[in-house]
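What follows is a single structure, written as structure tokens, with notes after it.
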Amino acid sequence: MLDSLLNALGGLGTSPEMLALFVGFGLVVGVLFGFFGMGGSFLVTPALLMLDYEPSVAVGSGMAFVFGTAVIATLKHHDLGQVDYKLGAIMITGTTIGIEAGRASVYYLESMGLAGGIISIAYVVLLGGVGAMVTRDALNSDGGGGIDHEAADKDLDEYEIPEIAKTIQQTVRIPPMVTLRGDVRVSAWVITAVAFATGLLSGFLGVGGGFIRMPAMIYAIGVPVPVAVGTDLFEIVFSGGLGSYLYGQGGGVNLGIVAPLLFGSALGARIGSAATAVVDADGIKIYFGGMLLIGAIAVGIGEIGSYVGSPTLELIGLVLVIGAAVVVAFAILYTTISSLRQKRHQGTTVTD
């Protein structure tokens, strides 16, 4: 069966070596996607740009991959009770408008020959900035963000809203006000603004918007971390589906890229989603921030290599992108397994 699938994928015009790379990369990225509510085209799009795919193809194929992986991961988060459908539904309208604006910007810049460079620079700035903010917040935390899904509602009620989110909630009181999971009450206009901004980035960078939307849900809206991850994935199902459809109409989706990535991510997304039930909230933030910082460095090196015409620097950037995904994915798996063993040992001790 596997041979038949690989032959079918090979018929899409992708070499066996690239098929193996995309399947393996898809597995790793699937773990990150399920764990963070992002990580798909945040890594895939820069990698495709470094492999000399056209910007529209890199972005469009990234969006298609995001859509497929988000469907898989959302189903698992739904089972864990980590999806706020009210929040997700409100965000869809703003995200839809933002995606179309971002997509139009990519094709305009591409016609001027500027798309690849500007997209890469935007990645570096956003990944580095968001990564530094999230990592600093997690390291400064006093800990105790554990997630016990047998008492999920109790944990959400006790979730401490970040000071930034508290300020926004107290300042922006424009009706209608919405009550979200974790007893968070916020103006629907704040949610819409976050949705439009992340939709714009989604359409422009070829991402589901997760690496900016997940922190935005936490720090701008005040949503608990596990719910932010699950709801982000639910919203990405729609934004990724719309984005890939729009890019597909313009020939921007390469199935020879998307199919093997999804084949690998199908298992990875389920594993990553399940890991959020074990790793505490601060642990998720630290892994998330570190992933973004490494990604920013990798994209920056690759872009410098492209600008000065150095294949070596471009290769280093590509290796860092893939290596960062592999290292963080294995770190997540190691932490998850260690936590499960510790809980099993504690359970055995109590029984004895």
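Chain labels run A, B, ... following the order of the structure tokens; each chain numbers its residues from 1, and ligands are numbered from 1 in the order shown.
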Practice task
Compile the contact shell of stretch 20-33 of chain A as a PyMOL selection string: residues with an atom at most 8 Å away, counting only C-alpha atoms, same-chain residues fewer than 3 positions apart removed.
Solution key: chain A and resi 16-17+36-40+43+69-70+73+257+260-273+322+325-326+328-329
Could those selected residues go to a file with C-alpha atoms, as a compact mmCIF listing (two decimals), in the first residue's frame?
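Result written to again-v2.txt:
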```txt
# COMPACT_ATOMS: atom_id res chain seq x y z
CA PRO A 16 11.88 10.29 -4.86
CA GLU A 17 14.42 12.29 -2.82
CA PHE A 36 1.37 24.85 19.01
CA GLY A 37 -1.71 25.41 16.82
CA MET A 38 0.84 26.52 14.22
CA GLY A 39 4.13 25.42 12.71
CA GLY A 40 2.95 24.29 9.27
CA LEU A 43 8.36 26.45 8.32
CA THR A 69 -3.12 19.50 8.85
CA ALA A 70 -5.46 21.85 10.74
CA ALA A 73 -5.29 18.50 14.64
CA ILE A 257 4.49 19.28 -2.54
CA PRO A 260 3.57 14.09 0.69
CA LEU A 261 3.60 16.80 3.38
CA LEU A 262 0.06 15.87 4.40
CA PHE A 263 0.89 12.16 4.31
CA GLY A 264 3.60 12.75 6.91
CA SER A 265 1.64 15.24 9.00
CA ALA A 266 -1.43 13.01 9.43
CA LEU A 267 0.25 11.08 12.26
CA GLY A 268 2.34 13.98 13.56
CA ALA A 269 -0.65 16.26 14.14
CA ARG A 270 -2.40 13.67 16.30
CA ILE A 271 0.73 13.16 18.39
CA GLY A 272 1.31 16.90 18.87
CA SER A 273 -2.30 17.55 19.84
CA ILE A 322 14.46 21.74 8.97
CA ALA A 325 11.64 21.62 13.41
CA VAL A 326 13.23 18.24 14.09
CA VAL A 328 11.78 20.97 18.81
CA ALA A 329 9.52 18.09 17.73
```
Please, which residues in stretch 234-264 of chain A fall within 8 Å of stretch 192-207 of chain A when counting only C-alpha atoms, and what is the closest atom pair and distance in Å to one decimal for each, ordered by chain then residue number, as a tab-separated table?
```
residue	atom	partner	partner_atom	distance
A:Ser239	CA	A:Gly199	CA	7.4
A:Gly240	CA	A:Val207	CA	7.8
A:Gly243	CA	A:Gly203	CA	6.5
```
Taking N, CA and C atoms for each residue, export the selection above as a JSON list (two decimals), in the first residue's frame.
```json
[["chain", "number", "residue", "atom", "x", "y", "z"],
["A", 239, "SER", "N", -9.45, 29.55, 7.42],
["A", 239, "SER", "CA", -8.53, 30.46, 6.74],
["A", 239, "SER", "C", -7.61, 29.71, 5.79],
["A", 240, "GLY", "N", -7.15, 28.53, 6.21],
["A", 240, "GLY", "CA", -6.29, 27.73, 5.33],
["A", 240, "GLY", "C", -7.04, 27.22, 4.12],
["A", 243, "GLY", "N", -7.62, 30.27, 1.82],
["A", 243, "GLY", "CA", -6.36, 30.70, 1.21],
["A", 243, "GLY", "C", -5.87, 29.75, 0.14]]
```
Handout entry: Proximity to A:Ala188 - best of A:Ile99, A:Met91, A:Val130, A:Leu75, only C-alpha atoms
Key = A:Met91
Problem - Spatial neighbours of A:Tyr53, max dist 12 Å, only C-alpha atoms, sep filter under 2 positions, as a list in words - result: Val44, Thr45, Pro46, Ala47, Leu48, Leu49, Met50, Leu51, Pro55, Ser56, Val57, Ala58, Val59, Gly60, Ser61, Gly62, Gly116, Gly252, Val253, Asn254 and Ile257 of chain A
Atoms to include: N, CA and C atoms. Write the selected residues as a compact mmCIF listing (two decimals), in the first residue's frame.
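Contents of part_3.txt, as written:
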```txt
# COMPACT_ATOMS: atom_id res chain seq x y z
N VAL A 44 7.24 25.61 6.33
CA VAL A 44 7.19 25.09 4.97
C VAL A 44 7.44 26.19 3.94
N THR A 45 6.78 27.33 4.08
CA THR A 45 6.92 28.39 3.07
C THR A 45 8.35 28.89 2.94
N PRO A 46 9.06 29.22 4.05
CA PRO A 46 10.46 29.62 3.90
C PRO A 46 11.32 28.54 3.26
N ALA A 47 11.06 27.26 3.63
CA ALA A 47 11.84 26.16 3.06
C ALA A 47 11.63 26.07 1.54
N LEU A 48 10.39 26.24 1.10
CA LEU A 48 10.11 26.18 -0.34
C LEU A 48 10.74 27.37 -1.06
N LEU A 49 10.75 28.53 -0.43
CA LEU A 49 11.42 29.70 -1.03
C LEU A 49 12.91 29.44 -1.19
N MET A 50 13.51 28.79 -0.18
CA MET A 50 14.94 28.47 -0.25
C MET A 50 15.22 27.40 -1.30
N LEU A 51 14.21 26.56 -1.61
CA LEU A 51 14.36 25.55 -2.65
C LEU A 51 14.04 26.10 -4.04
N PRO A 55 7.39 32.39 -5.37
CA PRO A 55 6.73 32.83 -4.14
C PRO A 55 5.25 32.44 -4.06
N SER A 56 4.52 32.59 -5.15
CA SER A 56 3.10 32.25 -5.13
C SER A 56 2.88 30.76 -4.90
N VAL A 57 3.77 29.91 -5.44
CA VAL A 57 3.67 28.46 -5.24
C VAL A 57 4.05 28.10 -3.80
N ALA A 58 5.10 28.72 -3.28
CA ALA A 58 5.52 28.45 -1.91
C ALA A 58 4.41 28.85 -0.93
N VAL A 59 3.81 30.02 -1.15
CA VAL A 59 2.75 30.49 -0.27
C VAL A 59 1.49 29.65 -0.43
N GLY A 60 1.07 29.41 -1.67
CA GLY A 60 -0.15 28.66 -1.93
C GLY A 60 -0.07 27.23 -1.45
N SER A 61 1.06 26.56 -1.68
CA SER A 61 1.23 25.18 -1.23
C SER A 61 1.29 25.12 0.29
N GLY A 62 1.90 26.15 0.91
CA GLY A 62 1.92 26.22 2.36
C GLY A 62 0.52 26.34 2.93
N GLY A 116 9.58 37.72 -3.00
CA GLY A 116 10.42 36.80 -2.23
C GLY A 116 11.18 37.49 -1.11
N GLY A 252 -1.30 28.42 -7.80
CA GLY A 252 -0.29 28.53 -6.77
C GLY A 252 -0.18 27.34 -5.84
N VAL A 253 -0.94 26.25 -6.09
CA VAL A 253 -0.89 25.06 -5.24
C VAL A 253 -0.28 23.90 -6.01
N ASN A 254 0.85 23.39 -5.54
CA ASN A 254 1.56 22.27 -6.17
C ASN A 254 1.26 21.00 -5.38
N ILE A 257 3.94 18.83 -3.83
CA ILE A 257 4.49 19.28 -2.54
C ILE A 257 3.50 18.97 -1.42
```
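Between atom CA of A:Gly222 and atom CA of A:Ile191 lies a distance of 10.5 Å.
Proximity to stretch 164-168 of chain A at 12 Å, evaluated using only C-alpha atoms and with sequence-adjacent residues fewer than 3 positions away removed, yields Asp137, Glu160, Ile161, Thr171, Val172, Arg173, Ile174, Val184, Arg185, Val186, Ser187, Trp189, Val190, Ile191, Pro215, Ala216, Met217, Ile218, Tyr219, Ala220, Ile221, Gly222, Val223 and Pro224 of chain A.
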Save out the residues we just selected, N, CA and C atoms, as a short mmCIF file (atom, residue, chain, number, x, y, z; two decimals), in the first residue's frame.
```
data_model
loop_
_atom_site.label_atom_id
_atom_site.label_comp_id
_atom_site.auth_asym_id
_atom_site.auth_seq_id
_atom_site.Cartn_x
_atom_site.Cartn_y
_atom_site.Cartn_z
N ASP A 137 8.18 36.01 28.45
CA ASP A 137 7.02 35.88 29.33
C ASP A 137 7.03 34.54 30.05
N GLU A 160 -4.72 32.69 34.90
CA GLU A 160 -4.37 34.09 35.16
C GLU A 160 -4.19 34.83 33.83
N ILE A 161 -5.05 35.80 33.57
CA ILE A 161 -5.00 36.56 32.32
C ILE A 161 -3.78 37.48 32.32
N THR A 171 -9.94 48.68 28.77
CA THR A 171 -9.92 49.90 27.97
C THR A 171 -10.94 49.87 26.84
N VAL A 172 -10.98 48.76 26.12
CA VAL A 172 -11.89 48.63 24.97
C VAL A 172 -13.16 47.93 25.44
N ARG A 173 -14.18 48.72 25.70
CA ARG A 173 -15.45 48.19 26.20
C ARG A 173 -16.59 48.45 25.21
N ILE A 174 -16.26 48.43 23.92
CA ILE A 174 -17.25 48.72 22.89
C ILE A 174 -18.15 47.50 22.69
N VAL A 184 -13.59 34.66 30.25
CA VAL A 184 -12.95 35.84 29.66
C VAL A 184 -14.04 36.67 28.97
N ARG A 185 -14.12 37.96 29.31
CA ARG A 185 -15.12 38.85 28.71
C ARG A 185 -14.40 39.96 27.96
N VAL A 186 -14.66 40.06 26.66
CA VAL A 186 -13.93 40.98 25.80
C VAL A 186 -14.84 41.50 24.70
N SER A 187 -14.50 42.69 24.17
CA SER A 187 -15.29 43.26 23.08
C SER A 187 -15.11 42.45 21.80
N TRP A 189 -15.12 43.58 18.98
CA TRP A 189 -14.29 44.37 18.06
C TRP A 189 -12.81 44.07 18.25
N VAL A 190 -12.41 43.74 19.46
CA VAL A 190 -11.01 43.33 19.70
C VAL A 190 -10.73 42.03 18.96
N ILE A 191 -11.67 41.10 19.06
CA ILE A 191 -11.51 39.81 18.38
C ILE A 191 -11.43 40.02 16.88
N PRO A 215 -0.40 33.73 19.98
CA PRO A 215 -0.01 34.70 21.01
C PRO A 215 -1.01 35.85 21.14
N ALA A 216 -1.62 36.26 20.01
CA ALA A 216 -2.60 37.35 20.06
C ALA A 216 -3.81 36.96 20.90
N MET A 217 -4.25 35.70 20.78
CA MET A 217 -5.37 35.23 21.59
C MET A 217 -5.02 35.27 23.07
N ILE A 218 -3.76 34.95 23.39
CA ILE A 218 -3.33 34.91 24.79
C ILE A 218 -3.15 36.32 25.35
N TYR A 219 -2.40 37.18 24.59
CA TYR A 219 -1.99 38.47 25.14
C TYR A 219 -2.94 39.62 24.81
N ALA A 220 -3.72 39.52 23.73
CA ALA A 220 -4.65 40.59 23.37
C ALA A 220 -6.07 40.28 23.82
N ILE A 221 -6.46 39.00 23.76
CA ILE A 221 -7.82 38.61 24.12
C ILE A 221 -7.89 38.02 25.52
N GLY A 222 -6.81 37.35 25.95
CA GLY A 222 -6.78 36.78 27.29
C GLY A 222 -7.24 35.34 27.37
N VAL A 223 -7.18 34.61 26.26
CA VAL A 223 -7.65 33.22 26.22
C VAL A 223 -6.61 32.29 26.86
N PRO A 224 -7.03 31.29 27.66
CA PRO A 224 -6.08 30.32 28.22
C PRO A 224 -5.28 29.63 27.14
#
```
